[in-house]
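Enquirer: Shown below is the structure under consideration.
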Amino acid sequence: MKRIVISTVVCFLANAIFSQDASDILLKVDRNMSSKNRIFESTMIIHGKRNSRTITSKTYSEGSQKSFTEYLSPASDKGTKMLKLEGQLWIYSPSADRTIQISGHLLRQSVMGSDLSYEDMMDDRKLTDIYSAKIVGEEKIGDRTVRLLELTAKVSDVAYYKQKMWIDTERFIPLKQELYAKSGQLLKRTELSDVKNIQGRWFPTTVIYKDMLKDGDGTEFKMTSVKFDQEIPGYIFTKAALKQ
Amino acid sequence: MKTAIKLAYRNLIGAGLRTWLNVIVLSFSFVVIIWMKGILVGWDRQAKSDMISWEIGDGQYWHKTYDPFDQFTLQDAHAPIPPAFKAGIKNGDMLPVLISQGTIYPEGRMQSVLIKGIDPGQDILNLPTQKLDTTPDIIPAIIGTTMARTSRLKVGDHVTLRWRDANGTFDATEICITNIFKTNVPTVDVSQVWIPLETMQSMLLMPDEATLFTIRDSETTQPASENYKFMPVKTLVADLESMIKTKSVGQSIFYVVLLLLALLAIFDTQVLSIFRRQKEIGTYVALGYTQKQVVWLFTIEGAMHAILAAVVGAIYGIPFLIWQAKTGWALPVETSDYGFAIAETLYPVYSVGLVISTMLIVMLATAIVSYWPSRRIAKMNPTEALRGKLQ
């Protein structure tokens, strides 16, 4: 009897310690991936069934609530601007000289034909706020040792009920992420690579997004330059900036 | 009057081929106008009947925020089934339907769909919902032929369906296509997947909720509800009616062109008659006819083309119109993508009113174009006319 009680207590404590670890890791990931603000230039390569398309853009973001993106190429998309402001999203199209708000089912459409939907860009809450995490294993991705975290939603209004995250425990960045439906079906996979030390923090500069229910090789997102904690003029995050 | 008609008839028949050519062209206008109008009336009846059988029943209750033309409303267009509706649903006189957006992935392609939950045991609509009661291990689904064609799905195919529940959380599962139905009503077919209501309510975390209710008989079932507004059949078919009205106006241009061609021939004939028959006009006046009576004679002669055309048109038109009413007119293009109820074969419907109104319009128009050139006769000098001198 004594043995059973001891082993139960040990198990409980081990579990508590392990889950404490998972929360800590997640907190560190949140801290590492978010910054006061950042300015980055990126290239998005959308791999279609027949051909691939490359789109370049420049993004300014502040916290997780404000972001402004201007598309630089190809010529057909040049000048298109996107503004995310506290849960709302607007797109300016230079050809129509119109600003439209993306809401409702339009949020489910893909961004520029990529594997990313607008609503994927809209969920800007911190992982620790919406998921409870536990460590379920340790693996290797390339030459990096990673801990596999299983995240389960602790709030009801979350897009993906379950996530799996492979986190580099030395640098505290996710190297792989899988997003699951409530039924357990794998919906999206993200692979993060080209980790660089930028201004004292480790940051993955290449992300490959893949909608697992759809054919195709996914969308490759490469950040060609990233700057953290810059001076961003306030007008950038206004609707007026879309038409400038 | 009787003499005038007799004279006009003799002159017309005497003109021979010229008269018959005019009559045949005019009779063609008669038959085509009646046939085309019949097609529109037939389409109107057929479409309304199909909509009632497949979609709207004898009226619907819509959630107050539901707008089928605005997908943005779907997110909030659902509420618990009101207690006042329960008895009607239990008796099978009301049919709840829950609607939500989703995505299917046939052969790795992404396709947006409307997911509609319906009671498999219903018998208000023609949808083969009994096929939603066939597979216990997987969610059964029925789709229309257009949906099957665009998604390349067949009976027995499994496909992944993704949706978001009431909290916005993604969920996905496999569904099995258990039936593909053929309908003329695209609003129950295009980009739609029908699944059992209870399954959908539990998938969406919306237990006992619905977006709309279709009723069997609006005279016996009309409970009141705060969240739902009643939409009578007249309102539900208003769009179809206005669209058919627009088509009717468009067709009128065709009638006018057709009629103008026939009337132009009659007008020419009248002008030629007056020019060539001056001696005859002079003789009538010499015999005691007033000039007005001669104008009347020539007008009757011209207008009589329409009567002869009606007779000739009846000879070949009646068998043609009856044959068309039986076999219908198969539309030469695919109609399922039009977005409104239209059958592949339209069966014209002719009413007495339609035939009489068409005849009156054609006769009146013919009388006017016959009278128009005949007015010159009133200005003629009878002696000059008698001598056959050109005036």
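All residue names refer to the structure tokens as shown: chains lettered A, B, ... in order, residues numbered from 1 in each chain, ligands numbered from 1 in order.
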Considering only C-alpha atoms, extract the chain A residues located within 8 Å of chain B and return them as a PyMOL selection string.
Expert: chain A and resi 103-105+156-161+181-183+185+213-215
Enquirer: Just list as a PDB file with N, CA and C atoms, in the first residue's frame whatever in region 75-161 of chain B DSSP marks as strand (DSSP E or B).
Expert:
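The resulting part-v6.pdb:
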```
ATOM      1  N   ALA B  79     -30.213  29.612 -34.394  1.00  0.00           N
ATOM      2  CA  ALA B  79     -30.730  29.815 -33.034  1.00  0.00           C
ATOM      3  C   ALA B  79     -31.428  28.534 -32.606  1.00  0.00           C
ATOM      4  N   PRO B  80     -31.619  28.360 -31.301  1.00  0.00           N
ATOM      5  CA  PRO B  80     -32.342  27.163 -30.849  1.00  0.00           C
ATOM      6  C   PRO B  80     -33.740  27.094 -31.478  1.00  0.00           C
ATOM      7  N   MET B  94     -43.015  20.669 -40.472  1.00  0.00           N
ATOM      8  CA  MET B  94     -41.932  21.671 -40.534  1.00  0.00           C
ATOM      9  C   MET B  94     -40.611  20.941 -40.603  1.00  0.00           C
ATOM     10  N   LEU B  95     -39.724  21.480 -41.421  1.00  0.00           N
ATOM     11  CA  LEU B  95     -38.439  20.811 -41.644  1.00  0.00           C
ATOM     12  C   LEU B  95     -37.286  21.758 -41.303  1.00  0.00           C
ATOM     13  N   PRO B  96     -36.589  21.515 -40.167  1.00  0.00           N
ATOM     14  CA  PRO B  96     -35.468  22.398 -39.836  1.00  0.00           C
ATOM     15  C   PRO B  96     -34.230  22.089 -40.687  1.00  0.00           C
ATOM     16  N   VAL B  97     -33.527  23.138 -41.090  1.00  0.00           N
ATOM     17  CA  VAL B  97     -32.283  22.976 -41.859  1.00  0.00           C
ATOM     18  C   VAL B  97     -31.230  23.884 -41.217  1.00  0.00           C
ATOM     19  N   LEU B  98     -30.053  23.308 -40.955  1.00  0.00           N
ATOM     20  CA  LEU B  98     -28.949  24.090 -40.394  1.00  0.00           C
ATOM     21  C   LEU B  98     -27.913  24.291 -41.505  1.00  0.00           C
ATOM     22  N   ILE B  99     -27.440  25.516 -41.662  1.00  0.00           N
ATOM     23  CA  ILE B  99     -26.507  25.817 -42.756  1.00  0.00           C
ATOM     24  C   ILE B  99     -25.211  26.400 -42.196  1.00  0.00           C
ATOM     25  N   SER B 100     -24.096  25.907 -42.712  1.00  0.00           N
ATOM     26  CA  SER B 100     -22.806  26.456 -42.307  1.00  0.00           C
ATOM     27  C   SER B 100     -21.828  26.362 -43.472  1.00  0.00           C
ATOM     28  N   GLN B 101     -20.736  27.079 -43.357  1.00  0.00           N
ATOM     29  CA  GLN B 101     -19.725  27.005 -44.413  1.00  0.00           C
ATOM     30  C   GLN B 101     -18.713  25.918 -44.101  1.00  0.00           C
ATOM     31  N   GLY B 102     -18.142  25.351 -45.119  1.00  0.00           N
ATOM     32  CA  GLY B 102     -17.125  24.329 -44.935  1.00  0.00           C
ATOM     33  C   GLY B 102     -16.240  24.237 -46.167  1.00  0.00           C
ATOM     34  N   THR B 103     -15.324  23.292 -46.118  1.00  0.00           N
ATOM     35  CA  THR B 103     -14.417  23.082 -47.247  1.00  0.00           C
ATOM     36  C   THR B 103     -14.279  21.587 -47.464  1.00  0.00           C
ATOM     37  N   ILE B 104     -14.340  21.164 -48.716  1.00  0.00           N
ATOM     38  CA  ILE B 104     -14.045  19.758 -48.995  1.00  0.00           C
ATOM     39  C   ILE B 104     -12.752  19.685 -49.800  1.00  0.00           C
ATOM     40  N   GLN B 111     -12.223  23.029 -52.053  1.00  0.00           N
ATOM     41  CA  GLN B 111     -13.460  23.575 -52.617  1.00  0.00           C
ATOM     42  C   GLN B 111     -14.382  24.034 -51.494  1.00  0.00           C
ATOM     43  N   SER B 112     -14.767  25.299 -51.542  1.00  0.00           N
ATOM     44  CA  SER B 112     -15.675  25.832 -50.522  1.00  0.00           C
ATOM     45  C   SER B 112     -17.081  25.294 -50.760  1.00  0.00           C
ATOM     46  N   VAL B 113     -17.744  24.915 -49.692  1.00  0.00           N
ATOM     47  CA  VAL B 113     -19.106  24.378 -49.823  1.00  0.00           C
ATOM     48  C   VAL B 113     -20.003  24.946 -48.722  1.00  0.00           C
ATOM     49  N   LEU B 114     -21.294  24.787 -48.944  1.00  0.00           N
ATOM     50  CA  LEU B 114     -22.252  25.054 -47.874  1.00  0.00           C
ATOM     51  C   LEU B 114     -22.640  23.691 -47.318  1.00  0.00           C
ATOM     52  N   ILE B 115     -22.502  23.512 -46.014  1.00  0.00           N
ATOM     53  CA  ILE B 115     -22.934  22.251 -45.410  1.00  0.00           C
ATOM     54  C   ILE B 115     -24.367  22.483 -44.930  1.00  0.00           C
ATOM     55  N   LYS B 116     -25.264  21.585 -45.325  1.00  0.00           N
ATOM     56  CA  LYS B 116     -26.656  21.739 -44.902  1.00  0.00           C
ATOM     57  C   LYS B 116     -27.100  20.489 -44.152  1.00  0.00           C
ATOM     58  N   GLY B 117     -27.612  20.690 -42.970  1.00  0.00           N
ATOM     59  CA  GLY B 117     -28.086  19.571 -42.164  1.00  0.00           C
ATOM     60  C   GLY B 117     -29.588  19.438 -42.312  1.00  0.00           C
ATOM     61  N   ILE B 118     -30.058  18.215 -42.592  1.00  0.00           N
ATOM     62  CA  ILE B 118     -31.490  17.998 -42.829  1.00  0.00           C
ATOM     63  C   ILE B 118     -31.901  16.668 -42.205  1.00  0.00           C
ATOM     64  N   ILE B 139     -19.913   9.660 -41.799  1.00  0.00           N
ATOM     65  CA  ILE B 139     -21.013  10.619 -42.039  1.00  0.00           C
ATOM     66  C   ILE B 139     -21.479  10.490 -43.486  1.00  0.00           C
ATOM     67  N   PRO B 140     -22.763  10.118 -43.696  1.00  0.00           N
ATOM     68  CA  PRO B 140     -23.258  10.030 -45.073  1.00  0.00           C
ATOM     69  C   PRO B 140     -23.598  11.425 -45.607  1.00  0.00           C
ATOM     70  N   ALA B 141     -23.448  11.585 -46.894  1.00  0.00           N
ATOM     71  CA  ALA B 141     -23.752  12.895 -47.496  1.00  0.00           C
ATOM     72  C   ALA B 141     -24.376  12.691 -48.862  1.00  0.00           C
ATOM     73  N   ILE B 142     -25.305  13.574 -49.211  1.00  0.00           N
ATOM     74  CA  ILE B 142     -25.861  13.548 -50.564  1.00  0.00           C
ATOM     75  C   ILE B 142     -25.526  14.874 -51.243  1.00  0.00           C
ATOM     76  N   ILE B 143     -25.288  14.792 -52.548  1.00  0.00           N
ATOM     77  CA  ILE B 143     -24.968  15.998 -53.315  1.00  0.00           C
ATOM     78  C   ILE B 143     -25.731  15.964 -54.633  1.00  0.00           C
ATOM     79  N   GLY B 144     -25.830  17.105 -55.280  1.00  0.00           N
ATOM     80  CA  GLY B 144     -26.496  17.179 -56.575  1.00  0.00           C
ATOM     81  C   GLY B 144     -25.534  16.856 -57.710  1.00  0.00           C
ATOM     82  N   HIS B 158     -15.202   8.738 -50.667  1.00  0.00           N
ATOM     83  CA  HIS B 158     -14.976   9.364 -49.367  1.00  0.00           C
ATOM     84  C   HIS B 158     -14.208  10.656 -49.612  1.00  0.00           C
ATOM     85  N   VAL B 159     -14.564  11.684 -48.889  1.00  0.00           N
ATOM     86  CA  VAL B 159     -13.871  12.964 -49.082  1.00  0.00           C
ATOM     87  C   VAL B 159     -13.764  13.655 -47.726  1.00  0.00           C
ATOM     88  N   THR B 160     -12.668  14.416 -47.545  1.00  0.00           N
ATOM     89  CA  THR B 160     -12.486  15.116 -46.268  1.00  0.00           C
ATOM     90  C   THR B 160     -13.303  16.397 -46.259  1.00  0.00           C
ATOM     91  N   LEU B 161     -14.026  16.576 -45.168  1.00  0.00           N
ATOM     92  CA  LEU B 161     -14.819  17.802 -44.982  1.00  0.00           C
ATOM     93  C   LEU B 161     -14.241  18.545 -43.788  1.00  0.00           C
TER      94      LEU B 161
END
```
Enquirer: Taking into account only C-alpha atoms, which residue in the set A:Leu179, A:Ala153, A:Leu127, A:Ile55 is nearest to Met33 (chain A)?
Expert: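 Nearest candidate to Met33 (chain A) out of A:Leu179, A:Ala153, A:Leu127, A:Ile55: A:Leu127.
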Enquirer: Among region 101-241 of chain A, which residues does DSSP mark as helix (DSSP H, G or I) when it is run on the backbone? Keep the chain and numbering as in the structure and answer as a list of chain:residue names.
Expert: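 Restricting region 101-241 of chain A to helix (DSSP H, G or I) produces A:Gly104, A:His105, A:Leu106, A:Leu107, A:Arg108, A:Val111, A:Met112, A:Gly113, A:Tyr118, A:Glu119, A:Asp120, A:Met121, A:Met122, A:Leu127, A:Thr128, A:Asp129, A:Ile130, A:Gly234, A:Tyr235, A:Ile236, A:Phe237, A:Lys239, A:Ala240, A:Ala241.
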Enquirer: Please provide the set of residues having any atom within 6 Å of Ser42 (chain A), restricted to only C-alpha atoms, with same-chain residues fewer than 2 positions apart removed, written as a PyMOL selection string.
Expert: chain A and resi 56-57+222-224
Enquirer: Take the residues from that selection and put them in a file with N, CA and C atoms, as a short mmCIF file (atom, residue, chain, number, x, y, z; two decimals), in the first residue's frame.
Expert:
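Output (result.cif):
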```cif
data_model
loop_
_atom_site.label_atom_id
_atom_site.label_comp_id
_atom_site.auth_asym_id
_atom_site.auth_seq_id
_atom_site.Cartn_x
_atom_site.Cartn_y
_atom_site.Cartn_z
N THR A 56 7.40 39.22 -53.31
CA THR A 56 8.24 39.85 -52.29
C THR A 56 7.46 40.95 -51.58
N SER A 57 7.78 41.16 -50.33
CA SER A 57 7.04 42.16 -49.57
C SER A 57 7.89 42.73 -48.44
N LYS A 222 10.48 33.22 -46.92
CA LYS A 222 11.88 33.51 -46.52
C LYS A 222 12.01 34.97 -46.15
N MET A 223 12.57 35.20 -44.98
CA MET A 223 12.81 36.59 -44.59
C MET A 223 14.22 36.95 -45.04
N THR A 224 14.31 37.93 -45.92
CA THR A 224 15.63 38.28 -46.46
C THR A 224 16.34 39.29 -45.56
#
```
